[in-house]
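Peer 1: Please find one structure pasted underneath; my questions will follow.
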Amino acid sequence: MIQIFNRSHYEDILVPTVEELLPQEVIDKRYEHINNFEKLLTDHDTIVLKFYLHISSKEQKKRLKERMEDPHKYWKHNDDDWDSRKKWDDYMDVYDSIFARCNEIPWHIIPSDDNRYKVNQIAKVIVETFEGLDLKWPDLETDDDDDDDKA
């Protein structure tokens, strides 16, 4: 089974830290909860791949402008994104903290300005992971294994 989670745990650290929405003790506890959850998963033989899809500040600005200019992207537009952009360095500092404090499972930091490159790099990690599992097809039953045919 393959499950995909989209950064929600880390967002619960990122935004409250930069925007100073919560006391540091609460944020520290969130780091602890994330690490405990990831440890629980790996203790039960779950393979976790963590990707950080990094876009540059220049690319972020371009994408925010596209959201205002391209009718197909209007739905993504949020005026508050421009205010958040002013705190780029603060957000990057918190990401560095997340990478350092939630690192029992290694991070794959993927440059993501170019979508084709991003997809290629993610695919490489996933393929390498599957190849490392040495998966095999189960044995098939043969007619000799079928007791119903015996009279």
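Chain labels run A, B, ... following the order of the structure tokens; each chain numbers its residues from 1, and ligands are numbered from 1 in the order shown.
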According to DSSP computed on the backbone, where in segment 26-64 of chain A is there strand (DSSP E or B)? Give the residues as a list in words.
Peer 2: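 Matching residues, listed in order: Lys50, Phe51, Tyr52, Leu53 and His54 of chain A.
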Peer 1: Could you name the residues that touch Glu104 of chain A at 12 Å or less, counting only C-alpha atoms, but leaving out those on the same chain fewer than 6 positions away, as a list of chain:residue names?
Peer 2: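 My list of contacting residues is A:Tyr31, A:Glu32, A:Ile34, A:Asn35, A:Asn36, A:Phe37, A:Glu38, A:Lys39, A:Leu40, A:Leu41, A:Thr42, A:Val48, A:Leu49, A:Lys50, A:Ile98.
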Peer 1: Find the residues of segment 35-132 of chain A that sit at most 12 Å from segment 136-141 of chain A; for each, write down the nearest two atoms and how far apart they are in Å, to one decimal. Count only C-alpha atoms. Sort by chain, then by number going up, and give it as CSV.
Peer 2:
```
residue,atom,partner,partner_atom,distance
A:Phe130,CA,A:Lys136,CA,10.9
A:Glu131,CA,A:Lys136,CA,10.5
A:Gly132,CA,A:Lys136,CA,11.7
```
Peer 1: For those residues, write C-alpha atoms to a file as a PDB file, in the first residue's frame.
Peer 2:
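The resulting result_36.pdb:
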```
ATOM      1  CA  PHE A 130      11.315  -0.257  -4.546  1.00  0.00           C
ATOM      2  CA  GLU A 131      14.425  -1.898  -6.003  1.00  0.00           C
ATOM      3  CA  GLY A 132      15.923  -2.086  -2.512  1.00  0.00           C
TER       4      GLY A 132
END
```
Peer 1: Which one of A:Glu69, A:His44, A:Pro16, A:Tyr52 sits closest to Ile122 of chain A if you count only C-alpha atoms?
Peer 2: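 Using only C-alpha atoms, the shortest distance to Ile122 of chain A belongs to A:Tyr52.
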Peer 1: Select, from A:Gln121, A:Leu135, A:Asp28, A:Pro23, the residue with the minimum atom-to-atom distance to His108 of chain A, counting only C-alpha atoms.
Peer 2: A:Gln121
Peer 1: Quick one: DSSP alpha helix (DSSP H) residues in chain A, as a PyMOL selection string?
Peer 2: chain A and resi 8-18+24-43+57-69+80-85+88-101+115-132
